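Heads up, the thing below is written out as structure tokens.
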Amino acid sequence: MPANRHECPESRQLFQRSQRFIPGGVNSPVRAFKGVGGTPRFIRSAQGAFLEDEDGHRYIDYVGSWGPMLLGHADPDVIAAIQNAAISSSSFGAPTRIEMQVAELLCELVPSLEKVRMVNSGTEATMSAVRLARGYTGRDKIIKFAGNYHGHADFFLIAAGSGAMTLGKPNSPGVTIGTAGDTLVARYNDLAQVKEIIEAHPDSVACVIVEPVAGNMGCIPPAPGFLEGLRQLCDQHGSVLIFDEVMTGFRVARGGAQERYGVMPDLTTLGKIIGGGLPVGAYGGREAIMDFVSPVGPVYQAGTLSGNPLAMHAGYATLRKIADSPVLYEDLEETGQALEEGTQRNLDALGLPYVHTRVGSMGCLFFSEDPVLNYEAARRCDTDRFRRYFHGMLEQGVYLAPSQFEAFFFSTQHGPAEVEHTLKAQRVALERAHQS
Ligand code: HOZ
């Protein structure tokens, strides 16, 4: 194993080979390290809070597969559930007991869910939820927020966050003018603007879709009253309120952001954690709306691998642990506080006025001296300093998302020792990021 994490000959060689057969060498753009430069580390295994790359370097993981790994990697109960399920075949394309149990548990744990439909990814969940909102209201337009990311369906790739923001392409070619015209974009945390837009399109807005905690332009919490205001506006104008909780579901509280902030959407989209690391998505909400979905209602949506038994067993094992532990979210909060306080101490010691956000076990260090409440403010961050900080952390064994415009996530397996190492590394990385 090379002594220096800077050297990664195996990853470099694999990346070169991958680029011959996979666009950009990756299966999701932000993984290519374009936002920070250098060679993406090819990961061969992970355990608990740690990743190991193909060169044998170990890292404390703050990506968590972009959110799903709330319990850490290779949780023994989740692995056992997958192994046991696989013995009985990996797919039936027919109803199963386990998908019913997952649906039951989701409706028990997520306050606004009365019925839920399983799909295979967050993108599928948000895309289907919007189709349902349109079918239910008989309206075409949707309101989304600049810098929110809801997967890659055409009508979401307008002012999109995440990889689209990292690569500076918030509007994708390939999205027709007609499709783009039905997406109305508002500023995150700006209720007055949503009101203006919704009033300018009377009886036309099918839904407002929002990340209740934005996690795809860094991590930006909702301003006080923002979510409540969206609820009111949707009620006044007969629009469906969709919380995209793919990232925040079971992350910021057991019942997601809706529980944490006490605001109930009409529809909720889920993914990531509910699949225990296997590909999964779900959308659900009020029965009256969900019963518009085929085969009960006229809005069509289907999928060969929907409710896949391996994903359902992994998801159920994860959700069961979450449901049964009385202290899981308190423990995560404690870890989060230690990270937050330590980061503030590091920033103060170095006289850096940067902004640190955190909601539950997700957060972000913005290289910005001003508060970051929306897309424009996130865009103004010093991405060059972030790049140096990122590489400083990587060299010291801390794996962050390779973009200023992604959140960090930690798991129940991140304990005091991992926090201590992270904060020490952070101090050094911040110092280095500021050496000219
Ligand atoms: N858009 C995802 C994070 N916000 C990235 C997913 C991935 O690259 O795996």
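By order in the structure tokens, chains are A, B, ...; within a chain, residues start at 1; ligands start at 1, following the order shown.
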
Nearby residues, ligand 1, 12 Å, only C-alpha atoms and all ligand atoms, as an mmCIF file with N, CA and C atoms, in the first residue's frame:
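Saved as pocket_25.cif:
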data_model
loop_
_atom_site.group_PDB
_atom_site.id
_atom_site.type_symbol
_atom_site.label_atom_id
_atom_site.label_comp_id
_atom_site.auth_asym_id
_atom_site.auth_seq_id
_atom_site.Cartn_x
_atom_site.Cartn_y
_atom_site.Cartn_z
ATOM 1 N N VAL A 26 -17.594 7.224 -14.990
ATOM 2 C CA VAL A 26 -18.445 7.114 -13.789
ATOM 3 C C VAL A 26 -19.904 6.891 -14.178
ATOM 4 N N ASN A 27 -20.678 6.371 -13.241
ATOM 5 C CA ASN A 27 -22.102 6.149 -13.505
ATOM 6 C C ASN A 27 -22.989 7.203 -12.872
ATOM 7 N N SER A 28 -22.390 8.262 -12.361
ATOM 8 C CA SER A 28 -23.141 9.420 -11.864
ATOM 9 C C SER A 28 -22.114 10.561 -11.825
ATOM 10 N N PRO A 29 -22.435 11.704 -12.464
ATOM 11 C CA PRO A 29 -21.387 12.676 -12.819
ATOM 12 C C PRO A 29 -20.512 13.181 -11.680
ATOM 13 N N VAL A 30 -21.103 13.471 -10.531
ATOM 14 C CA VAL A 30 -20.330 14.147 -9.484
ATOM 15 C C VAL A 30 -19.196 13.259 -8.961
ATOM 16 N N ARG A 31 -19.308 11.947 -9.177
ATOM 17 C CA ARG A 31 -18.275 11.002 -8.725
ATOM 18 C C ARG A 31 -16.943 11.181 -9.462
ATOM 19 N N ALA A 32 -16.968 11.899 -10.597
ATOM 20 C CA ALA A 32 -15.757 12.024 -11.425
ATOM 21 C C ALA A 32 -14.753 13.026 -10.857
ATOM 22 N N PHE A 33 -15.065 13.671 -9.727
ATOM 23 C CA PHE A 33 -14.144 14.624 -9.077
ATOM 24 C C PHE A 33 -13.939 15.878 -9.916
ATOM 25 N N LYS A 34 -14.869 16.152 -10.852
ATOM 26 C CA LYS A 34 -14.670 17.339 -11.688
ATOM 27 C C LYS A 34 -14.758 18.622 -10.875
ATOM 28 N N PRO A 40 -10.696 10.214 -8.926
ATOM 29 C CA PRO A 40 -11.685 9.632 -8.007
ATOM 30 C C PRO A 40 -11.155 8.333 -7.430
ATOM 31 N N VAL A 63 -19.763 10.437 3.030
ATOM 32 C CA VAL A 63 -20.675 10.429 1.881
ATOM 33 C C VAL A 63 -21.802 9.421 2.140
ATOM 34 N N GLY A 64 -21.415 8.279 2.700
ATOM 35 C CA GLY A 64 -22.445 7.285 3.063
ATOM 36 C C GLY A 64 -23.294 6.881 1.872
ATOM 37 N N SER A 65 -22.601 6.698 0.705
ATOM 38 C CA SER A 65 -23.297 6.356 -0.534
ATOM 39 C C SER A 65 -24.330 7.429 -0.894
ATOM 40 N N TRP A 66 -24.022 8.672 -0.549
ATOM 41 C CA TRP A 66 -24.887 9.837 -0.806
ATOM 42 C C TRP A 66 -26.163 9.778 0.026
ATOM 43 N N GLY A 67 -26.082 9.128 1.171
ATOM 44 C CA GLY A 67 -27.210 9.196 2.108
ATOM 45 C C GLY A 67 -27.742 7.902 2.675
ATOM 46 N N PRO A 68 -27.769 6.811 1.904
ATOM 47 C CA PRO A 68 -28.458 5.613 2.421
ATOM 48 C C PRO A 68 -27.877 4.998 3.694
ATOM 49 N N SER A 121 -35.933 4.031 -7.594
ATOM 50 C CA SER A 121 -34.951 5.095 -7.340
ATOM 51 C C SER A 121 -35.688 6.361 -6.920
ATOM 52 N N GLY A 122 -34.916 7.289 -6.386
ATOM 53 C CA GLY A 122 -35.493 8.583 -6.007
ATOM 54 C C GLY A 122 -36.034 9.311 -7.218
ATOM 55 N N THR A 123 -35.324 9.219 -8.326
ATOM 56 C CA THR A 123 -35.789 9.871 -9.563
ATOM 57 C C THR A 123 -37.167 9.360 -9.947
ATOM 58 N N GLY A 147 -31.705 25.176 -7.319
ATOM 59 C CA GLY A 147 -30.717 24.492 -6.486
ATOM 60 C C GLY A 147 -31.257 23.258 -5.790
ATOM 61 N N ASN A 148 -32.576 23.060 -5.822
ATOM 62 C CA ASN A 148 -33.109 21.775 -5.334
ATOM 63 C C ASN A 148 -32.917 20.771 -6.453
ATOM 64 N N TYR A 149 -32.671 19.539 -6.068
ATOM 65 C CA TYR A 149 -32.462 18.483 -7.056
ATOM 66 C C TYR A 149 -33.434 17.361 -6.733
ATOM 67 N N HIS A 150 -34.192 16.959 -7.757
ATOM 68 C CA HIS A 150 -35.186 15.903 -7.535
ATOM 69 C C HIS A 150 -34.969 14.737 -8.491
ATOM 70 N N GLY A 151 -33.695 14.465 -8.802
ATOM 71 C CA GLY A 151 -33.428 13.416 -9.775
ATOM 72 C C GLY A 151 -33.403 14.022 -11.171
ATOM 73 N N HIS A 152 -33.345 13.141 -12.184
ATOM 74 C CA HIS A 152 -33.022 13.655 -13.514
ATOM 75 C C HIS A 152 -34.155 13.543 -14.529
ATOM 76 N N LEU A 157 -34.811 19.224 -14.556
ATOM 77 C CA LEU A 157 -33.454 19.673 -14.886
ATOM 78 C C LEU A 157 -33.436 21.139 -15.314
ATOM 79 N N ALA A 160 -31.258 23.045 -11.663
ATOM 80 C CA ALA A 160 -31.090 21.880 -10.773
ATOM 81 C C ALA A 160 -29.812 21.974 -9.947
ATOM 82 N N GLY A 161 -29.853 21.397 -8.757
ATOM 83 C CA GLY A 161 -28.677 21.348 -7.890
ATOM 84 C C GLY A 161 -27.864 20.089 -8.151
ATOM 85 N N SER A 162 -27.077 19.688 -7.143
ATOM 86 C CA SER A 162 -26.236 18.490 -7.178
ATOM 87 C C SER A 162 -25.239 18.532 -8.327
ATOM 88 N N GLY A 163 -25.056 17.377 -9.034
ATOM 89 C CA GLY A 163 -24.053 17.294 -10.095
ATOM 90 C C GLY A 163 -24.264 18.355 -11.166
ATOM 91 N N ALA A 164 -25.532 18.682 -11.458
ATOM 92 C CA ALA A 164 -25.822 19.692 -12.481
ATOM 93 C C ALA A 164 -25.230 21.037 -12.061
ATOM 94 N N MET A 165 -25.304 21.328 -10.786
ATOM 95 C CA MET A 165 -24.760 22.587 -10.250
ATOM 96 C C MET A 165 -23.226 22.520 -10.227
ATOM 97 N N THR A 166 -22.695 21.381 -9.773
ATOM 98 C CA THR A 166 -21.241 21.207 -9.712
ATOM 99 C C THR A 166 -20.616 21.403 -11.085
ATOM 100 N N LEU A 167 -21.277 20.878 -12.110
ATOM 101 C CA LEU A 167 -20.717 20.946 -13.463
ATOM 102 C C LEU A 167 -21.121 22.242 -14.171
ATOM 103 N N GLU A 211 -37.312 20.291 -1.451
ATOM 104 C CA GLU A 211 -36.505 19.555 -0.480
ATOM 105 C C GLU A 211 -36.695 20.293 0.845
ATOM 106 N N ALA A 214 -32.697 21.550 2.104
ATOM 107 C CA ALA A 214 -32.008 21.408 0.825
ATOM 108 C C ALA A 214 -30.685 20.689 1.056
ATOM 109 N N GLY A 215 -30.424 19.650 0.256
ATOM 110 C CA GLY A 215 -29.188 18.885 0.439
ATOM 111 C C GLY A 215 -28.400 18.738 -0.839
ATOM 112 N N ASN A 216 -28.803 19.468 -1.866
ATOM 113 C CA ASN A 216 -28.127 19.332 -3.156
ATOM 114 C C ASN A 216 -27.522 20.636 -3.646
ATOM 115 N N MET A 217 -27.413 21.615 -2.745
ATOM 116 C CA MET A 217 -26.623 22.828 -3.028
ATOM 117 C C MET A 217 -25.830 23.118 -1.748
ATOM 118 N N GLY A 218 -25.152 22.064 -1.261
ATOM 119 C CA GLY A 218 -24.705 22.059 0.118
ATOM 120 C C GLY A 218 -25.926 21.725 0.943
ATOM 121 N N CYS A 219 -25.892 22.010 2.228
ATOM 122 C CA CYS A 219 -27.065 21.726 3.065
ATOM 123 C C CYS A 219 -27.630 23.045 3.592
ATOM 124 N N VAL A 246 -36.302 12.187 -0.161
ATOM 125 C CA VAL A 246 -35.370 11.122 -0.560
ATOM 126 C C VAL A 246 -34.112 11.193 0.316
ATOM 127 N N MET A 247 -33.661 12.423 0.562
ATOM 128 C CA MET A 247 -32.458 12.602 1.367
ATOM 129 C C MET A 247 -32.783 12.740 2.865
ATOM 130 N N THR A 248 -33.849 13.483 3.177
ATOM 131 C CA THR A 248 -34.124 13.803 4.587
ATOM 132 C C THR A 248 -34.925 12.719 5.318
ATOM 133 N N GLY A 271 -36.398 7.471 -0.587
ATOM 134 C CA GLY A 271 -35.406 6.636 -1.275
ATOM 135 C C GLY A 271 -34.273 6.394 -0.300
ATOM 136 N N LYS A 272 -33.068 6.247 -0.805
ATOM 137 C CA LYS A 272 -31.848 6.141 -0.001
ATOM 138 C C LYS A 272 -32.005 5.221 1.209
ATOM 139 N N GLY A 277 -29.330 0.623 1.303
ATOM 140 C CA GLY A 277 -28.169 0.573 0.408
ATOM 141 C C GLY A 277 -28.462 -0.146 -0.903
ATOM 142 N N PRO A 279 -31.004 -0.381 -4.434
ATOM 143 C CA PRO A 279 -31.727 0.636 -5.207
ATOM 144 C C PRO A 279 -33.210 0.617 -4.874
ATOM 145 N N ALA A 401 -17.817 14.503 0.151
ATOM 146 C CA ALA A 401 -18.362 14.565 -1.215
ATOM 147 C C ALA A 401 -17.490 15.523 -2.026
ATOM 148 N N PRO A 402 -17.142 15.144 -3.266
ATOM 149 C CA PRO A 402 -16.209 15.957 -4.050
ATOM 150 C C PRO A 402 -16.865 17.160 -4.706
ATOM 151 N N SER A 403 -17.590 17.932 -3.942
ATOM 152 C CA SER A 403 -18.214 19.146 -4.468
ATOM 153 C C SER A 403 -18.687 20.013 -3.300
ATOM 154 N N GLN A 404 -18.522 21.311 -3.438
ATOM 155 C CA GLN A 404 -19.059 22.251 -2.447
ATOM 156 C C GLN A 404 -20.584 22.148 -2.375
ATOM 157 N N PHE A 405 -21.195 21.641 -3.457
ATOM 158 C CA PHE A 405 -22.653 21.687 -3.541
ATOM 159 C C PHE A 405 -23.312 20.358 -3.181
ATOM 160 N N GLU A 406 -22.657 19.601 -2.320
ATOM 161 C CA GLU A 406 -23.259 18.377 -1.776
ATOM 162 C C GLU A 406 -23.193 18.449 -0.255
ATOM 163 N N ALA A 407 -24.020 17.649 0.396
ATOM 164 C CA ALA A 407 -24.036 17.623 1.862
ATOM 165 C C ALA A 407 -23.070 16.551 2.368
ATOM 166 N N PHE A 408 -22.682 16.639 3.654
ATOM 167 C CA PHE A 408 -22.020 15.488 4.277
ATOM 168 C C PHE A 408 -23.053 14.714 5.078
ATOM 169 N N PHE A 409 -22.814 13.421 5.201
ATOM 170 C CA PHE A 409 -23.690 12.558 6.000
ATOM 171 C C PHE A 409 -22.819 11.736 6.942
#

Notebook entry, point to check: Which of region 190-336 of chain A counts as alpha helix (DSSP H) under DSSP, as a PyMOL selection string please?
Noted result: chain A and resi 191-200+226-237+256-261+287-290+309-324+328-336

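Here the question is which of A:Ala206, A:Leu184, A:Ala133, A:Ala314 gets nearest to Asp291 (chain A) using only C-alpha atoms, and that residue is A:Ala133.
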
At most 7 Å is the cut-off: for each residue in region 234-322 of chain A with any atom that close to an atom of region 355-370 of chain A, write down the nearest atom pair and the distance in Å rounded to one decimal, counting only C-alpha atoms, chain first then increasing number, as a Markdown table.
| residue | atom | partner | partner_atom | distance |
| --- | --- | --- | --- | --- |
| A:Arg251 | CA | A:Ser361 | CA | 6.3 |
| A:Val252 | CA | A:Gly360 | CA | 4.5 |
| A:Ala253 | CA | A:Gly360 | CA | 6.9 |

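For region 147-199 of chain A, a DSSP pass over the backbone yields strand (DSSP E) at Thr183, Leu184, Val185 and Ala186 of chain A.
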
Notebook entry, point to check: Contacts of Ala223 (chain A) at 12 Å or less, counting only C-alpha atoms, minus same-chain residues fewer than 3 places along, as number ranges by chain?
Noted result: A: 188-191, 212-214, 220, 226-230, 261, 371-374

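CA of Glu54 (chain A) is positioned 19.6 Å from CA of Gly392 (chain A).
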
Next item on the list: Please provide the set of residues having any atom within 12 Å of Leu430 (chain A), restricted to only C-alpha atoms, with same-chain residues fewer than 6 positions apart removed, written as a ChimeraX atom specification.
Entry: /A:343-354,365,367,385-393,422-424
